[in-house]
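data.txt (compact mmCIF, C-alpha atoms) appears below.
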# COMPACT_ATOMS: atom_id res chain seq x y z
CA MET C 11 41.25 132.83 64.18
CA MET C 12 43.53 129.89 63.58
CA GLY C 13 42.33 126.31 63.73
CA SER C 14 43.99 122.93 63.94
CA PRO C 15 44.10 120.71 60.83
CA GLN C 16 41.46 118.49 62.45
CA GLN C 17 39.17 121.50 62.84
CA PHE C 18 39.54 122.35 59.13
CA ILE C 19 38.60 118.76 58.23
CA GLN C 20 35.57 118.99 60.51
CA LYS C 21 34.44 122.31 59.04
CA ASP C 22 34.71 121.10 55.46
CA TYR C 23 32.77 117.97 56.33
CA LEU C 24 30.04 119.76 58.27
CA GLU C 25 29.65 122.41 55.56
CA ALA C 26 29.39 119.67 52.93
CA VAL C 27 26.70 117.79 54.88
CA LEU C 28 24.71 120.99 55.48
CA ALA C 29 25.08 122.02 51.80
CA SER C 30 23.89 118.57 50.69
CA SER C 31 20.87 118.05 52.91
CA ILE C 32 17.96 119.70 54.69
CA SER C 33 16.01 118.40 57.68
CA PRO C 34 12.23 117.85 57.54
CA MET C 35 11.74 120.78 59.97
CA ASP C 36 13.86 123.16 57.89
CA TYR C 37 11.99 122.10 54.75
CA LEU C 38 8.61 122.81 56.37
CA GLN C 39 9.84 126.19 57.56
CA SER C 40 11.14 127.01 54.07
CA GLN C 41 7.78 126.07 52.52
CA ARG C 42 6.09 128.67 54.74
CA ALA C 43 8.78 131.37 54.34
CA THR C 44 9.71 130.85 50.67
CA PRO C 45 7.05 128.78 48.89
CA GLY C 46 8.33 127.29 45.63
CA LYS C 47 11.99 127.31 46.64
CA TYR C 48 12.17 123.52 46.44
CA PHE C 49 10.92 121.03 43.83
CA LEU C 50 10.46 117.77 45.74
CA VAL C 51 11.28 114.47 43.98
CA ASP C 52 10.76 110.91 45.23
CA VAL C 53 13.59 108.91 43.61
CA ARG C 54 12.77 105.48 45.07
CA ASN C 55 13.14 102.59 42.62
CA ALA C 56 10.19 100.39 43.53
CA PRO C 57 6.75 99.49 42.19
CA ALA C 58 3.92 101.75 43.40
CA GLU C 59 2.41 98.92 45.50
CA LYS C 60 5.60 98.74 47.50
CA LYS C 61 5.96 102.50 47.92
CA GLN C 62 2.20 102.98 48.61
CA VAL C 63 2.53 106.66 49.57
CA LYS C 64 4.82 109.58 48.84
CA ILE C 65 5.44 112.86 50.62
CA GLU C 66 2.65 115.33 49.91
CA GLY C 67 3.49 117.34 46.81
CA ALA C 68 6.42 115.14 45.70
CA HIS C 69 7.03 114.28 42.04
CA ASP C 70 7.58 110.58 41.43
CA ILE C 71 10.76 110.11 39.34
CA PRO C 72 12.61 106.88 40.21
CA LEU C 73 16.40 107.09 40.13
CA GLN C 74 16.54 104.64 37.22
CA GLU C 75 14.45 107.05 35.08
CA LEU C 76 16.10 110.26 36.27
CA GLU C 77 18.47 110.86 33.36
CA GLN C 78 15.80 110.32 30.68
CA ARG C 79 13.25 112.48 32.51
CA ILE C 80 15.65 115.25 33.55
CA GLY C 81 13.78 117.69 31.27
CA GLU C 82 10.83 117.52 33.68
CA LEU C 83 12.86 119.31 36.35
CA PRO C 84 12.85 123.11 36.72
CA LYS C 85 16.19 124.96 36.62
CA GLY C 86 14.95 127.83 38.79
CA GLN C 87 14.20 125.74 41.88
CA THR C 88 16.40 123.66 44.15
CA ILE C 89 15.65 120.00 43.54
CA LEU C 90 15.00 118.23 46.83
CA VAL C 91 15.37 114.45 46.55
CA TYR C 92 14.53 111.69 49.01
CA CYS C 93 14.45 107.90 49.20
CA TRP C 94 13.48 105.44 51.96
CA ASP C 95 15.49 106.17 55.05
CA VAL C 96 18.83 107.41 56.38
CA TRP C 97 20.55 104.27 55.13
CA CYS C 98 19.37 104.32 51.51
CA ASN C 99 21.68 105.85 48.92
CA MET C 100 19.39 106.57 45.96
CA ALA C 101 18.98 110.20 46.98
CA LYS C 102 22.77 110.64 47.04
CA LYS C 103 23.16 108.98 43.62
CA ALA C 104 20.39 111.23 42.29
CA SER C 105 22.04 114.29 43.83
CA LEU C 106 25.29 113.58 41.99
CA ILE C 107 23.48 113.14 38.66
CA LEU C 108 21.62 116.42 39.17
CA LEU C 109 24.75 118.32 40.23
CA ASN C 110 26.50 117.03 37.11
CA ASN C 111 23.59 118.41 35.07
CA GLY C 112 23.84 121.88 36.58
CA PHE C 113 20.98 121.70 39.08
CA GLU C 114 21.00 122.90 42.65
CA VAL C 115 20.10 119.91 44.77
CA LYS C 116 19.70 118.79 48.36
CA GLU C 117 18.56 115.58 50.03
CA LEU C 118 15.65 115.59 52.45
CA SER C 119 17.34 113.95 55.44
CA GLY C 120 15.91 110.70 56.67
CA GLY C 121 13.76 110.12 53.60
CA ILE C 122 10.12 109.16 53.86
CA ALA C 123 10.77 107.13 57.04
CA ALA C 124 11.72 110.20 59.11
CA TRP C 125 8.87 112.16 57.48
CA GLN C 126 6.30 109.57 58.51
CA GLN C 127 7.83 109.15 61.96
CA LEU C 128 7.19 112.88 62.43
CA ARG C 129 3.56 112.33 61.29
CA LEU C 130 3.94 114.78 58.39
CA PRO C 131 1.53 114.59 55.45
CA VAL C 132 1.80 111.94 52.71
CA GLU C 133 -0.42 111.14 49.72
CA GLN C 134 -1.29 108.05 47.68
CA LEU C 135 0.94 107.24 44.70
CA MET Z 16 51.92 102.35 51.07
CA MET Z 17 50.31 103.96 48.06
CA GLY Z 18 46.57 104.30 47.72
CA SER Z 19 44.21 105.04 44.83
CA PRO Z 20 42.56 108.48 44.66
CA GLN Z 21 39.29 106.85 45.71
CA GLN Z 22 40.98 105.50 48.83
CA PHE Z 23 42.27 108.98 49.72
CA ILE Z 24 38.74 110.37 49.35
CA GLN Z 25 37.43 107.59 51.59
CA LYS Z 26 40.08 108.18 54.26
CA ASP Z 27 39.45 111.91 54.39
CA TYR Z 28 35.73 111.33 54.66
CA LEU Z 29 35.98 108.64 57.34
CA GLU Z 30 38.46 110.69 59.37
CA ALA Z 31 36.14 113.70 59.14
CA VAL Z 32 33.13 111.70 60.32
CA LEU Z 33 35.10 110.18 63.20
CA ALA Z 34 36.54 113.60 64.16
CA SER Z 35 33.05 115.12 64.11
CA SER Z 36 31.07 112.54 66.06
CA ILE Z 37 31.14 110.00 68.87
CA SER Z 38 28.85 107.03 69.38
CA PRO Z 39 26.76 106.59 72.55
CA MET Z 40 28.93 103.62 73.56
CA ASP Z 41 32.18 105.54 73.13
CA TYR Z 42 30.75 108.44 75.11
CA LEU Z 43 29.80 106.16 78.01
CA GLN Z 44 33.24 104.58 77.96
CA SER Z 45 34.86 108.02 77.96
CA GLN Z 46 32.74 109.11 80.95
CA ARG Z 47 34.13 106.20 82.95
CA ALA Z 48 37.75 106.52 81.72
CA THR Z 49 38.04 110.34 81.53
CA PRO Z 50 35.22 111.98 83.51
CA GLY Z 51 34.75 115.63 82.55
CA LYS Z 52 36.24 115.29 79.09
CA TYR Z 53 32.93 116.25 77.47
CA PHE Z 54 30.41 119.02 78.20
CA LEU Z 55 27.10 117.72 76.88
CA VAL Z 56 24.66 120.18 75.28
CA ASP Z 57 21.13 119.55 74.03
CA VAL Z 58 20.68 121.99 71.11
CA ARG Z 59 17.11 121.10 70.15
CA ASN Z 60 14.91 124.08 69.26
CA ALA Z 61 11.59 123.11 70.78
CA PRO Z 62 9.45 123.96 73.79
CA ALA Z 63 10.14 121.88 76.90
CA GLU Z 64 6.75 120.12 76.63
CA LYS Z 65 7.76 118.77 73.23
CA LYS Z 66 11.24 117.71 74.32
CA GLN Z 67 9.99 116.30 77.67
CA VAL Z 68 13.35 114.74 78.61
CA LYS Z 69 17.03 115.29 77.91
CA ILE Z 70 20.06 113.06 78.23
CA GLU Z 71 21.18 112.79 81.85
CA GLY Z 72 23.65 115.56 82.62
CA ALA Z 73 23.02 117.55 79.45
CA HIS Z 74 22.87 121.36 79.43
CA ASP Z 75 19.84 122.74 77.63
CA ILE Z 76 20.99 125.41 75.12
CA PRO Z 77 18.78 125.51 72.01
CA LEU Z 78 20.59 126.20 68.72
CA GLN Z 79 18.75 129.50 68.33
CA GLU Z 80 20.24 130.75 71.65
CA LEU Z 81 23.71 129.28 71.18
CA GLU Z 82 25.55 132.39 70.00
CA GLN Z 83 24.17 134.62 72.78
CA ARG Z 84 24.85 131.99 75.45
CA ILE Z 85 28.26 130.88 74.18
CA GLY Z 86 29.89 132.28 77.34
CA GLU Z 87 28.24 129.47 79.32
CA LEU Z 88 30.45 126.92 77.59
CA PRO Z 89 33.82 125.84 79.01
CA LYS Z 90 36.91 126.15 76.80
CA GLY Z 91 38.75 123.30 78.53
CA GLN Z 92 36.25 120.57 77.64
CA THR Z 93 35.09 119.17 74.32
CA ILE Z 94 31.54 120.34 73.68
CA LEU Z 95 29.34 117.37 72.78
CA VAL Z 96 26.13 118.42 71.02
CA TYR Z 97 23.06 116.43 70.09
CA CYS Z 98 19.60 116.93 68.63
CA TRP Z 99 16.68 114.58 67.88
CA ASP Z 100 17.89 111.78 65.65
CA VAL Z 101 20.29 110.84 62.86
CA TRP Z 102 18.34 112.95 60.37
CA CYS Z 103 18.24 116.22 62.30
CA ASN Z 104 20.85 118.84 61.47
CA MET Z 105 20.82 121.18 64.47
CA ALA Z 106 23.80 119.43 66.04
CA LYS Z 107 25.82 119.94 62.84
CA LYS Z 108 24.83 123.62 62.65
CA ALA Z 109 25.80 124.02 66.31
CA SER Z 110 29.11 122.24 65.68
CA LEU Z 111 30.04 124.72 62.96
CA ILE Z 112 29.20 127.70 65.20
CA LEU Z 113 31.30 126.26 68.01
CA LEU Z 114 34.25 125.42 65.74
CA ASN Z 115 34.14 128.98 64.41
CA ASN Z 116 34.35 130.18 68.02
CA GLY Z 117 37.40 128.10 68.80
CA PHE Z 118 35.79 125.22 70.68
CA GLU Z 119 36.51 121.55 70.30
CA VAL Z 120 33.24 119.91 69.42
CA LYS Z 121 31.69 116.58 68.47
CA GLU Z 122 28.15 115.39 67.81
CA LEU Z 123 26.68 112.54 69.83
CA SER Z 124 25.64 110.24 66.98
CA GLY Z 125 21.98 109.42 66.66
CA GLY Z 126 20.85 112.13 69.08
CA ILE Z 127 18.40 111.45 71.86
CA ALA Z 128 16.55 108.86 69.72
CA ALA Z 129 19.50 106.45 69.61
CA TRP Z 130 20.22 107.14 73.28
CA GLN Z 131 16.69 106.21 74.32
CA GLN Z 132 16.62 103.22 71.98
CA LEU Z 133 19.65 101.94 73.90
CA ARG Z 134 17.73 102.52 77.17
CA LEU Z 135 20.37 104.92 78.48
CA PRO Z 136 19.46 107.39 81.24
CA VAL Z 137 17.47 110.58 80.60
CA GLU Z 138 16.10 113.22 82.97
CA GLN Z 139 13.16 115.64 83.02
CA LEU Z 140 13.70 119.04 81.44
CA MET L 7 30.31 122.70 32.77
CA MET L 8 31.31 125.05 35.53
CA GLY L 9 30.09 124.68 39.07
CA SER L 10 30.07 126.89 42.14
CA PRO L 11 32.48 126.14 45.00
CA GLN L 12 29.53 124.83 47.01
CA GLN L 13 28.73 122.35 44.23
CA PHE L 14 32.32 121.06 44.23
CA ILE L 15 32.11 120.54 48.00
CA GLN L 16 28.84 118.67 47.55
CA LYS L 17 30.23 116.44 44.79
CA ASP L 18 33.32 115.50 46.78
CA TYR L 19 31.19 114.70 49.80
CA LEU L 20 28.61 112.67 47.88
CA GLU L 21 31.32 110.75 46.01
CA ALA L 22 33.04 110.00 49.30
CA VAL L 23 29.84 108.71 50.92
CA LEU L 24 29.04 106.55 47.89
CA ALA L 25 32.63 105.24 47.72
CA SER L 26 32.52 104.39 51.44
CA SER L 27 29.15 102.65 51.70
CA ILE L 28 26.62 100.42 49.97
CA SER L 29 22.92 100.10 50.72
CA PRO L 30 21.33 96.75 51.67
CA MET L 31 19.49 96.70 48.31
CA ASP L 32 22.64 97.32 46.28
CA TYR L 33 24.44 94.62 48.23
CA LEU L 34 21.70 92.07 47.49
CA GLN L 35 21.75 93.01 43.81
CA SER L 36 25.55 92.65 43.73
CA GLN L 37 25.33 89.20 45.34
CA ARG L 38 23.11 88.05 42.47
CA ALA L 39 25.06 89.80 39.68
CA THR L 40 28.64 89.32 40.97
CA PRO L 41 28.72 86.61 43.67
CA GLY L 42 31.90 86.76 45.74
CA LYS L 43 32.56 90.45 45.10
CA TYR L 44 32.16 91.23 48.81
CA PHE L 45 33.50 89.58 51.96
CA LEU L 46 31.05 90.51 54.70
CA VAL L 47 32.38 91.18 58.22
CA ASP L 48 30.44 91.88 61.41
CA VAL L 49 32.73 94.16 63.46
CA ARG L 50 30.49 94.65 66.51
CA ASN L 51 32.32 94.56 69.85
CA ALA L 52 29.87 92.68 72.05
CA PRO L 53 29.43 89.23 73.58
CA ALA L 54 27.53 86.75 71.40
CA GLU L 55 24.55 86.74 73.77
CA LYS L 56 24.09 90.45 73.16
CA LYS L 57 24.54 90.23 69.38
CA GLN L 58 22.39 87.04 69.13
CA VAL L 59 22.33 87.00 65.31
CA LYS L 60 24.46 88.22 62.43
CA ILE L 61 23.72 88.87 58.79
CA GLU L 62 23.60 85.60 56.82
CA GLY L 63 27.07 84.76 55.54
CA ALA L 64 28.90 87.36 57.64
CA HIS L 65 32.25 86.64 59.29
CA ASP L 66 32.40 87.58 62.95
CA ILE L 67 35.52 89.71 63.58
CA PRO L 68 34.98 92.32 66.34
CA LEU L 69 36.69 95.67 65.78
CA GLN L 70 38.92 95.10 68.82
CA GLU L 71 40.34 91.92 67.20
CA LEU L 72 40.56 93.26 63.65
CA GLU L 73 44.24 94.14 63.53
CA GLN L 74 45.38 90.79 64.98
CA ARG L 75 43.06 88.82 62.69
CA ILE L 76 43.65 90.84 59.53
CA GLY L 77 45.29 87.81 57.90
CA GLU L 78 41.86 86.14 57.77
CA LEU L 79 40.67 88.69 55.20
CA PRO L 80 41.01 88.10 51.45
CA LYS L 81 42.84 90.72 49.36
CA GLY L 82 40.89 89.91 46.19
CA GLN L 83 37.46 90.85 47.55
CA THR L 84 36.02 94.12 48.80
CA ILE L 85 35.62 93.90 52.57
CA LEU L 86 32.09 94.93 53.56
CA VAL L 87 31.85 95.88 57.23
CA TYR L 88 28.84 96.61 59.39
CA CYS L 89 27.95 97.33 63.01
CA TRP L 90 24.67 98.00 64.86
CA ASP L 91 22.90 100.89 63.20
CA VAL L 92 23.36 104.20 61.38
CA TRP L 93 24.66 105.85 64.55
CA CYS L 94 27.37 103.34 65.46
CA ASN L 95 30.93 104.12 64.36
CA MET L 96 32.70 100.77 64.61
CA ALA L 97 32.26 100.11 60.89
CA LYS L 98 33.90 103.45 60.07
CA LYS L 99 36.79 102.76 62.44
CA ALA L 100 37.21 99.32 60.86
CA SER L 101 37.07 100.85 57.37
CA LEU L 102 39.98 103.17 58.18
CA ILE L 103 42.07 100.30 59.57
CA LEU L 104 41.39 98.21 56.47
CA LEU L 105 42.12 101.09 54.06
CA ASN L 106 45.42 101.68 55.88
CA ASN L 107 46.22 98.00 55.33
CA GLY L 108 45.59 98.16 51.60
CA PHE L 109 42.12 96.61 51.45
CA GLU L 110 39.17 97.80 49.43
CA VAL L 111 36.39 98.39 51.90
CA LYS L 112 32.83 99.67 52.19
CA GLU L 113 30.30 99.91 55.01
CA LEU L 114 26.92 98.24 54.71
CA SER L 115 24.69 101.24 55.41
CA GLY L 116 22.41 101.07 58.41
CA GLY L 117 24.14 98.02 59.90
CA ILE L 118 22.19 95.03 61.14
CA ALA L 119 19.29 97.26 62.28
CA ALA L 120 18.39 98.34 58.73
CA TRP L 121 18.95 94.77 57.50
CA GLN L 122 16.50 93.35 60.01
CA GLN L 123 14.02 96.17 59.46
CA LEU L 124 13.98 95.07 55.79
CA ARG L 125 13.34 91.46 56.95
CA LEU L 126 16.51 90.21 55.24
CA PRO L 127 18.07 86.91 56.35
CA VAL L 128 20.15 86.58 59.53
CA GLU L 129 21.71 83.56 61.23
CA GLN L 130 22.62 82.54 64.79
CA LEU L 131 26.07 83.52 66.04
Is it possible to express this structure as structure tokens?
Amino acid sequence: MMGSPQQFIQKDYLEAVLASSISPMDYLQSQRATPGKYFLVDVRNAPAEKKQVKIEGAHDIPLQELEQRIGELPKGQTILVYCWDVWCNMAKKASLILLNNGFEVKELSGGIAAWQQLRLPVEQL
Amino acid sequence: MMGSPQQFIQKDYLEAVLASSISPMDYLQSQRATPGKYFLVDVRNAPAEKKQVKIEGAHDIPLQELEQRIGELPKGQTILVYCWDVWCNMAKKASLILLNNGFEVKELSGGIAAWQQLRLPVEQL
Amino acid sequence: MMGSPQQFIQKDYLEAVLASSISPMDYLQSQRATPGKYFLVDVRNAPAEKKQVKIEGAHDIPLQELEQRIGELPKGQTILVYCWDVWCNMAKKASLILLNNGFEVKELSGGIAAWQQLRLPVEQL
């Protein structure tokens, strides 16, 4: 089937967004169906007293420490990064660093704000 | 006028976002100026008691039923899909399916959360 | 290092998002490190009584007046545009107009909603 140029632009964009992110619901479903597929990393740059909690099971590696601590990340899992909210960009910066180091990576859409809005489990830092 | 490579990347990205989505305000304006341009579809996968309401005038076709029920959609209108919020991805998955089936499609930005935050009309499911 | 086609798509997308936007935190940090780098513009189309406040230091140029008032914008600074929230698209429309007129431009992610949620300073319109 043929498509207009605008439709090709849309497809590329939508495929890129879907390749680069996963929703909280899809992540929960993946945890049940394929445990261990994702290695969850909180990349927020902030002191613990400001962050207070992180998503249950997340590893705490701030963006500013990511390159030095990259050896802590497993190559066999997809790294799933998140920051504060839909408007923060630390998860996208972290994604680029990880892609450039050969990792598979996605962002957890909406960060910890969407996660908490959905009343999903968090834990103390 | 010439542009830097970064500016070309930005233009492609911005054009793709604007081709793929419409804001609640622009949708309302379009309804007044060009009634019937859009066919609004709620693609949330959830039981009715969880969704409770949908945007006024929306057709309720969950993402998981979209391919079987694609015959319910009109070819002469732009299909406007939405899900929960800015961080959900069902509307983007639905957009790709619809594009691949030859439809014109856009996402209503922000989903039902932005719509309700703006106190725009909803109706019982 | 080689990458899969999907990884190239992801990199292009992430680079485009990061080229096209800046988070509130990164903007504040830039104001301290490089004052005058950005020229902040509120592009919301709404009467003052609906907008009420704008981000401290922002210039008020609604999207619908942008092309006529483009001479008010400095060529030596990056134009930083914002609108209401993550789901509004006026900042992206303004970005395209400004790119097509030879300006460097970014969107302040999350608009005035994220800014106020972070309790950052605003001023009366």
Any chance you could fit chain L onto chain Z with least squares, all Cα atoms in order, and share the moved copy as a compact mmCIF listing (two decimals) with C-alpha atoms, in the frame of the given file?
# COMPACT_ATOMS: atom_id res chain seq x y z
CA MET L 7 51.88 102.32 51.07
CA MET L 8 50.27 103.87 48.04
CA GLY L 9 46.55 104.24 47.68
CA SER L 10 44.20 105.02 44.82
CA PRO L 11 42.56 108.46 44.63
CA GLN L 12 39.29 106.85 45.70
CA GLN L 13 40.98 105.50 48.84
CA PHE L 14 42.28 108.97 49.73
CA ILE L 15 38.76 110.37 49.36
CA GLN L 16 37.44 107.60 51.59
CA LYS L 17 40.09 108.18 54.27
CA ASP L 18 39.48 111.92 54.40
CA TYR L 19 35.75 111.35 54.67
CA LEU L 20 35.99 108.65 57.34
CA GLU L 21 38.47 110.71 59.37
CA ALA L 22 36.16 113.70 59.15
CA VAL L 23 33.13 111.71 60.32
CA LEU L 24 35.10 110.20 63.21
CA ALA L 25 36.55 113.60 64.16
CA SER L 26 33.05 115.13 64.11
CA SER L 27 31.08 112.53 66.06
CA ILE L 28 31.15 110.00 68.87
CA SER L 29 28.85 107.03 69.37
CA PRO L 30 26.74 106.60 72.53
CA MET L 31 28.93 103.63 73.56
CA ASP L 32 32.18 105.54 73.14
CA TYR L 33 30.74 108.44 75.11
CA LEU L 34 29.79 106.16 78.01
CA GLN L 35 33.24 104.58 77.98
CA SER L 36 34.87 108.03 77.97
CA GLN L 37 32.74 109.12 80.94
CA ARG L 38 34.14 106.20 82.95
CA ALA L 39 37.75 106.53 81.74
CA THR L 40 38.05 110.34 81.54
CA PRO L 41 35.22 111.99 83.51
CA GLY L 42 34.76 115.64 82.56
CA LYS L 43 36.26 115.29 79.08
CA TYR L 44 32.93 116.25 77.49
CA PHE L 45 30.42 119.01 78.20
CA LEU L 46 27.11 117.71 76.89
CA VAL L 47 24.67 120.17 75.28
CA ASP L 48 21.13 119.56 74.03
CA VAL L 49 20.69 122.00 71.12
CA ARG L 50 17.11 121.10 70.14
CA ASN L 51 14.91 124.08 69.25
CA ALA L 52 11.59 123.10 70.79
CA PRO L 53 9.44 123.96 73.80
CA ALA L 54 10.13 121.86 76.90
CA GLU L 55 6.75 120.12 76.64
CA LYS L 56 7.75 118.76 73.24
CA LYS L 57 11.25 117.72 74.31
CA GLN L 58 10.00 116.28 77.66
CA VAL L 59 13.36 114.73 78.62
CA LYS L 60 17.03 115.28 77.91
CA ILE L 61 20.06 113.05 78.22
CA GLU L 62 21.19 112.78 81.86
CA GLY L 63 23.66 115.55 82.64
CA ALA L 64 23.03 117.54 79.45
CA HIS L 65 22.87 121.34 79.42
CA ASP L 66 19.85 122.74 77.63
CA ILE L 67 20.99 125.39 75.12
CA PRO L 68 18.77 125.51 71.99
CA LEU L 69 20.58 126.19 68.72
CA GLN L 70 18.74 129.51 68.33
CA GLU L 71 20.23 130.74 71.65
CA LEU L 72 23.70 129.28 71.18
CA GLU L 73 25.53 132.38 69.99
CA GLN L 74 24.15 134.61 72.78
CA ARG L 75 24.84 131.99 75.45
CA ILE L 76 28.25 130.89 74.19
CA GLY L 77 29.87 132.29 77.35
CA GLU L 78 28.23 129.47 79.33
CA LEU L 79 30.45 126.90 77.59
CA PRO L 80 33.82 125.84 79.02
CA LYS L 81 36.91 126.16 76.81
CA GLY L 82 38.75 123.31 78.53
CA GLN L 83 36.24 120.59 77.64
CA THR L 84 35.09 119.17 74.32
CA ILE L 85 31.54 120.34 73.68
CA LEU L 86 29.33 117.37 72.79
CA VAL L 87 26.14 118.42 71.02
CA TYR L 88 23.07 116.43 70.10
CA CYS L 89 19.60 116.93 68.63
CA TRP L 90 16.68 114.58 67.86
CA ASP L 91 17.90 111.79 65.64
CA VAL L 92 20.29 110.86 62.83
CA TRP L 93 18.32 112.97 60.35
CA CYS L 94 18.23 116.24 62.30
CA ASN L 95 20.87 118.86 61.46
CA MET L 96 20.81 121.18 64.46
CA ALA L 97 23.81 119.44 66.03
CA LYS L 98 25.82 119.96 62.83
CA LYS L 99 24.83 123.63 62.65
CA ALA L 100 25.81 124.03 66.31
CA SER L 101 29.11 122.24 65.68
CA LEU L 102 30.04 124.73 62.96
CA ILE L 103 29.20 127.70 65.20
CA LEU L 104 31.29 126.26 68.02
CA LEU L 105 34.25 125.42 65.74
CA ASN L 106 34.15 129.00 64.41
CA ASN L 107 34.33 130.19 68.02
CA GLY L 108 37.40 128.12 68.81
CA PHE L 109 35.78 125.23 70.69
CA GLU L 110 36.52 121.56 70.31
CA VAL L 111 33.25 119.92 69.42
CA LYS L 112 31.70 116.60 68.46
CA GLU L 113 28.16 115.39 67.81
CA LEU L 114 26.69 112.55 69.82
CA SER L 115 25.64 110.26 66.98
CA GLY L 116 21.98 109.42 66.65
CA GLY L 117 20.86 112.14 69.08
CA ILE L 118 18.40 111.44 71.86
CA ALA L 119 16.54 108.87 69.72
CA ALA L 120 19.50 106.45 69.61
CA TRP L 121 20.20 107.14 73.29
CA GLN L 122 16.68 106.20 74.31
CA GLN L 123 16.61 103.22 71.96
CA LEU L 124 19.65 101.94 73.90
CA ARG L 125 17.72 102.50 77.17
CA LEU L 126 20.37 104.91 78.48
CA PRO L 127 19.47 107.37 81.25
CA VAL L 128 17.48 110.56 80.61
CA GLU L 129 16.11 113.21 82.97
CA GLN L 130 13.16 115.62 83.02
CA LEU L 131 13.69 119.03 81.44
**Request:** May I ask you to extract the residues of chain C within 8 Å of chain L, using only C-alpha atoms, and to give them as number ranges by chain?
**Result:** C: 22-23, 26-27, 29-30, 96-99, 102-103, 105-106, 109, 112, 114
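With CA of Ile122 in chain C on one side and CA of Trp94 in chain C on the other, the separation reads 5.4 Å.
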**Message:** Excluding Leu43 in chain Z and its own-chain neighbours fewer than 4 positions away, which residues fall within 12 Å of it when counting all atoms listed in the file? Please give them as a count of residues only.
**Reply:** 18
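Pairwise distance (CA of Val47 in chain L, CA of Val87 in chain L) equals 4.8 Å.
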**Point-to-point distance from CA of Glu64 in chain Z to CA of Ala119 in chain L, Å rounded to tenths** = 29.8 Å
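Among C:Glu117, C:Phe49, C:Arg54, C:Asn110, the residue with the shortest atom-to-atom distance to Glu82 in chain C, counting only C-alpha atoms, is C:Phe49.
The closest residue to Gly82 in chain L, picked from L:Val111, L:Ala52, L:Val128, L:Val59 and counting only C-alpha atoms, is L:Val111.
If you count only C-alpha atoms and ignore residues fewer than 4 places along the chain from Met105 in chain Z, what sits within 7 Å of it is Val58, Arg59, Leu78, Cys98 and Ala109 of chain Z.
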**Close residues, Gly77 in chain L itself excluded, 12 Å, all atoms listed in the file, min 4 positions apart in chain, as a count of residues only** = 8
